[in-house]
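Undergrad: Here it is, the structure in full.
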Protein chains: 2
Amino acid sequence: MTTLTDIQNAAEILHGVVHVTPVLTSRTLNQTAGATVFLKCENFQRVGAFKFRGAYHAIATLPPPQRAGPIVTISSGNHAQGVALACQLRGLAAHIVMTKPINPLKRQALTGYHATIHEVEDGEQAERKLRGLQEQLNGVYIHAFNDPRVIAGQGTAMLEFLSAVPDLDAVLAPVGGGGLLSGTCIAGHGISPSIEVYACEPTGALDAIHSVRENRIVPMVAPHTIAEGLRTSLGDVTLPILRNHLAGFFPVEEKEIVEAMRFAFERLKIVVEPSSAVALAPLLRREEALIGKRVGVVITGGNVDPSSFFATIS
Amino acid sequence: MTTLTDIQNAAEILHGVVHVTPVLTSRTLNQTAGATVFLKCENFQRVGAFKFRGAYHAIATLPPPQRAGPIVTISSGNHAQGVALACQLRGLAAHIVMTKPINPLKRQALTGYHATIHEVEDGEQAERKLRGLQEQLNGVYIHAFNDPRVIAGQGTAMLEFLSAVPDLDAVLAPVGGGGLLSGTCIAGHGISPSIEVYACEPTGALDAIHSVRENRIVPMVAPHTIAEGLRTSLGDVTLPILRNHLAGFFPVEEKEIVEAMRFAFERLKIVVEPSSAVALAPLLRREEALIGKRVGVVITGGNVDPSSFFATIS
């Protein structure tokens with residue numbers, strides 16, 4: 001089980017490698033939410049999302065026989081970018097299994113980091129390809145979230161957050177596989193035991209809330225949300241952490257995600273991707289549990305191209 | 001003539017009223033520019049632009065007979081918002097003369113601050129309306145830039161910038177009427193005499209460069225640029241300051257402005273308006289005078305609605 005010490009050690013490894021992202025505030029947001037809100041802007045992180053923290057940390061702390069890679073993973077999202085950049089920085093080969101169609105901008109970024117892309121048709125093929133690469137190349141698989149070293153890396157964002165704003169009453173983060181949220185829980189409660197950690201989940205992909213309530217991984221079946229990064233089920237590493245730590249869930253409607261993206265553009269002047277907007281949405285609807293509190297939000301990423309951003313909010 | 005002391009005094013008056021805006025950095029930008037770049041994000045300022053600094057300071061330091069207002073001004077841009085919010089905070093009436101057509105979002109924001117909007121057909125009518133309001137209401141005119149108290153307020157952004165990043169070699173800001181740039185020059189050279197201050201100006205509105213070279217106000221005739229805020233001529237207060245302090249000018253093409261807006265969205269994850277993108281553009285073309293230097297950029301504002309943003313970059 002990941003501990004505060006693991007996260008503090010991860011922070012030392014990530015020192016000088018990750019961006020210490022700024023914390024933004026907005027009077028307009030405070031008025032709207034009826035709370036004092038702090039935004040930890042991981043959309044300004046390298047590769048545009050927090051995922052670089054966990055990927056780099058996991059790769060940098062591989063045991064000696066695996067340390068030379070090559071690294072393999074499945075991801076069509078920010079984890080792919082995080083792994084690719086981490087591998088480039090550490091001189092390892094990166095093999096990314098991605099389901100078609102692949103966004104041209106993502107492809108360009110990955111090849112810019114010298115990663116090899118393996119295109120597949122669906123999830124089943126992806127699993128087969130991954131196993132093939134592990135066997136043929138002796139590839140080391142870095143899971144996107146169900147890995148204590150990834151979780152420790154993601155938790156460093158919360159360490160920075162509490163170092164910038166020590167007296168948060170509550171913190172909000174989106175939940176997909178639960179890697180960021182697990183790290184946030186452990187770092188948050190390690191430093192400030194009374195802090196309330198809330199998971200924000202699209203109503204079109206409500207698996208984590210059921211998994212935590214039923215204490216078993218309720219698989220995500222046919223998710224229906226624009227928040228691509230949150231279409232994942234929890235893992236056996238993340239579920240018990242969330243169960244032990246979460247104060248509650250805020251389900252978020254699709255139209256609230258869109259409104260939060262628009263609010264971020266128009267009022268905060270920052271670019272947030274749909275998965276990230278999910279954690280801002282409860283504040284915009286003036287969620288009662290947060291009123292009067294000092295609330296932190298992890299703005300997880302800003303990887304959305306202008307044309308799809310505009311198509312989404314129009 | 002505005003001095004460093006005036007700006008330091010302005011900073012005391014603005015303390016707790018303005019946002020101390022963050023300074024962002026980006027490895028991608030550094031690589032593109034061949035320089036170490038720091039972005040002072042006044043797009044995160046109250047009203048979404050640096051203009052609030054100067055407006056509030058000018059209004060807060062009016063001599064006693066004028067101190068009760070009402071305040072009158074001509075502006076269809078960020079100065080209008082700055083004046084309106086400053087008046088609301090200080091309990092004064094604000095009268096804003098604006099040329100039609102008025103952007104509905106701007107109108108909504110101004111009426112939200114309880115400002116009164118006076119719509120006119122053209123610049124000549126605007127001048128007449130302004131004089132009328134001055135006479136009928138005993139209105140106090142706050143000019144958008146040609147006023148030492150406005151310049152002192154704008155200069156506080158540079159004080160904050162140098163306090164966050166003391167060892168800048170150069171700083172870039174856009175030039176319209178020259179208020180921000182004048183304050184930037186005085187604060188910059190007051191603290192760090194060797195710092196090079198550069199003016200960035202759209203090639204479709206190149207009046208400031210000629211004004212400074214010819215040492216007379218070359219009026220802006222038929223400007224052709226999407227950078228609305230930079231379609232203004234210099235004033236008799238700002239011209240001598242720029243002449244004394246500027247290291248040089250960087251003219252910027254329209255397509256470079258658009259590219260800089262896109263780069264800010266896609267890579268920096270921030271929203272910048274066209275007038276603000278002008279000061280980022282020289283770095284994106286790897287301007288030779290800046291290579292290898294520590295370069296500050298004042299990101300002046302982010303007030304652009306999503307639909308016109310996407311129409312512009314598409």
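Chain labels run A, B, ... following the order of the structure tokens; each chain numbers its residues from 1, and ligands are numbered from 1 in the order shown.
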With a cut-off of 10 Å and counting only C-alpha atoms, select all residues of chain B in contact with chain A and give the selection as a PDB file with C-alpha atoms, in the first residue's frame.

TA:
ATOM      1  CA  HIS B  19      -4.704  39.956  -8.101  1.00  0.00           C
ATOM      2  CA  THR B  21      -0.982  37.296 -11.070  1.00  0.00           C
ATOM      3  CA  PRO B  22       1.179  34.204 -11.526  1.00  0.00           C
ATOM      4  CA  VAL B  23       4.239  33.904 -13.743  1.00  0.00           C
ATOM      5  CA  LEU B  24       4.098  30.857 -16.007  1.00  0.00           C
ATOM      6  CA  THR B  25       6.893  29.065 -17.790  1.00  0.00           C
ATOM      7  CA  SER B  26       6.889  26.443 -20.527  1.00  0.00           C
ATOM      8  CA  ARG B  27       9.694  24.213 -21.751  1.00  0.00           C
ATOM      9  CA  THR B  28       8.065  24.020 -25.148  1.00  0.00           C
ATOM     10  CA  CYS B  41      -0.314  36.425 -16.760  1.00  0.00           C
ATOM     11  CA  ASN B  43      -5.119  37.604 -18.414  1.00  0.00           C
ATOM     12  CA  PHE B  44      -5.777  36.201 -14.919  1.00  0.00           C
ATOM     13  CA  GLN B  45      -6.167  39.747 -13.513  1.00  0.00           C
ATOM     14  CA  ARG B  46      -9.589  40.982 -12.349  1.00  0.00           C
ATOM     15  CA  VAL B  47     -11.720  41.889 -15.405  1.00  0.00           C
ATOM     16  CA  GLY B  48      -9.356  39.647 -17.404  1.00  0.00           C
ATOM     17  CA  ARG B 262      -3.251  29.051 -31.148  1.00  0.00           C
ATOM     18  CA  ALA B 264      -1.190  29.718 -26.203  1.00  0.00           C
ATOM     19  CA  PHE B 265      -4.294  27.511 -26.362  1.00  0.00           C
ATOM     20  CA  GLU B 266      -2.643  24.308 -27.559  1.00  0.00           C
ATOM     21  CA  ARG B 267       0.666  24.405 -25.764  1.00  0.00           C
ATOM     22  CA  LEU B 268       0.401  26.866 -22.870  1.00  0.00           C
ATOM     23  CA  LYS B 269      -3.275  26.036 -22.096  1.00  0.00           C
ATOM     24  CA  ILE B 270      -4.100  29.692 -21.561  1.00  0.00           C
ATOM     25  CA  VAL B 271      -6.531  32.030 -23.310  1.00  0.00           C
ATOM     26  CA  VAL B 272      -4.991  35.197 -24.754  1.00  0.00           C
ATOM     27  CA  GLU B 273      -6.758  37.895 -26.715  1.00  0.00           C
ATOM     28  CA  GLY B 301      -5.446  40.044 -21.351  1.00  0.00           C
ATOM     29  CA  GLY B 302      -7.679  37.122 -22.137  1.00  0.00           C
ATOM     30  CA  ASN B 303     -10.951  38.780 -23.042  1.00  0.00           C
ATOM     31  CA  VAL B 304     -12.020  37.028 -26.201  1.00  0.00           C
ATOM     32  CA  ASP B 305     -15.207  35.030 -26.382  1.00  0.00           C
ATOM     33  CA  PRO B 306     -14.892  31.417 -27.479  1.00  0.00           C
ATOM     34  CA  SER B 307     -16.736  31.835 -30.766  1.00  0.00           C
ATOM     35  CA  PHE B 309     -11.486  33.012 -30.705  1.00  0.00           C
ATOM     36  CA  PHE B 310     -12.172  29.968 -32.847  1.00  0.00           C
ATOM     37  CA  ALA B 311     -13.325  31.999 -35.813  1.00  0.00           C
ATOM     38  CA  ILE B 313      -7.702  30.853 -35.437  1.00  0.00           C
ATOM     39  CA  SER B 314      -9.640  28.720 -37.935  1.00  0.00           C
TER      40      SER B 314
END

Undergrad: Residues at most 7 Å from Ala58 (chain A), counting only C-alpha atoms, excluding those fewer than 3 positions away in the same chain, as a ChimeraX atom specification?

TA: /A:54-55,61-62,149-150

Undergrad: Can you pull out every residue within 6 Å of region 92-105 of chain B, counting only C-alpha atoms, but drop anything in the same chain fewer than 3 positions away, and send it as a PyMOL selection string?

TA: chain B and resi 69-76+84+87+108+115-122

Undergrad: When you count only C-alpha atoms, which of these residues is closest to Thr3 (chain A): A:Arg216, A:His79, A:His57, A:His189?

TA: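 Among the listed residues, the smallest separation from Thr3 (chain A) belongs to A:His189.
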
Undergrad: Just to confirm, what's the straight-line distance from CA of Arg243 (chain A) to CA of Val212 (chain A) in Å (one decimal)?

TA: 5.4 Å

Undergrad: Could you work out how far CA of Val297 (chain A) lies from CA of Ala205 (chain A), giving the answer in Å with one decimal?

TA: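 Going from CA of Ala205 (chain A) over to CA of Val297 (chain A) covers 20.1 Å.
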
Undergrad: Do a neighbour search on Val175 (chain B) at 12 Å with only C-alpha atoms, toss out local chain neighbours closer than 4 positions, and write the hits as number ranges by chain.

TA: B: 145, 179-185, 197-203, 205-209, 211-212, 227-235, 238-239, 242, 246, 248-252, 275-279, 298, 300

Undergrad: Could you pull out the strand (DSSP E) residues of region 88-124 of chain B from DSSP and send them as a ChimeraX atom specification?

TA: /B:94-99,116-120

Undergrad: Taking C-alpha atoms for each residue, export the selection above as a tab-separated table (two decimals), in the first residue's frame.

TA:
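Wrote out.tsv, looks like this:
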chain	number	residue	atom	x	y	z
B	94	ALA	CA	-19.42	54.98	-13.92
B	95	HIS	CA	-20.48	56.30	-17.34
B	96	ILE	CA	-18.94	54.51	-20.29
B	97	VAL	CA	-19.21	55.93	-23.81
B	98	MET	CA	-19.07	53.09	-26.34
B	99	THR	CA	-19.28	52.94	-30.11
B	116	THR	CA	-24.17	53.16	-17.34
B	117	ILE	CA	-23.45	52.61	-21.04
B	118	HIS	CA	-23.86	55.49	-23.51
B	119	GLU	CA	-24.04	54.16	-27.06
B	120	VAL	CA	-22.80	56.31	-29.93

Undergrad: Could you go through region 58-185 of chain A and tell me which residues DSSP, when run on the backbone, assigns to helix (DSSP H, G or I), listing them as an MDAnalysis selection string?

TA: chainID A and resid 58:60 64:66 78:90 104:112 123:137 148:164 179:185

Undergrad: With only C-alpha atoms as the counted atoms, please give the residues lying no more than 7 Å from Arg53 (chain A), apart from itself and same-chain residues fewer than 4 positions off, as a list in words.

TA: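 Once the adjacent positions are removed, what remains is Val18, His57, Gly153 and Gln154 of chain A.
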
Undergrad: How many Å lie between CA of Pro274 (chain B) and CA of Ile257 (chain A), rounded to one decimal?

TA: 26.9 Å

Undergrad: For region 4-17 of chain B, please output as a list in words all residues within 6 Å (counting only C-alpha atoms; exclusion window: fewer than 2 positions along the same chain).

TA: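 Selected residues are Ala152, Gly153, Gly155, Thr156, Ala187 and Gly190 of chain B.
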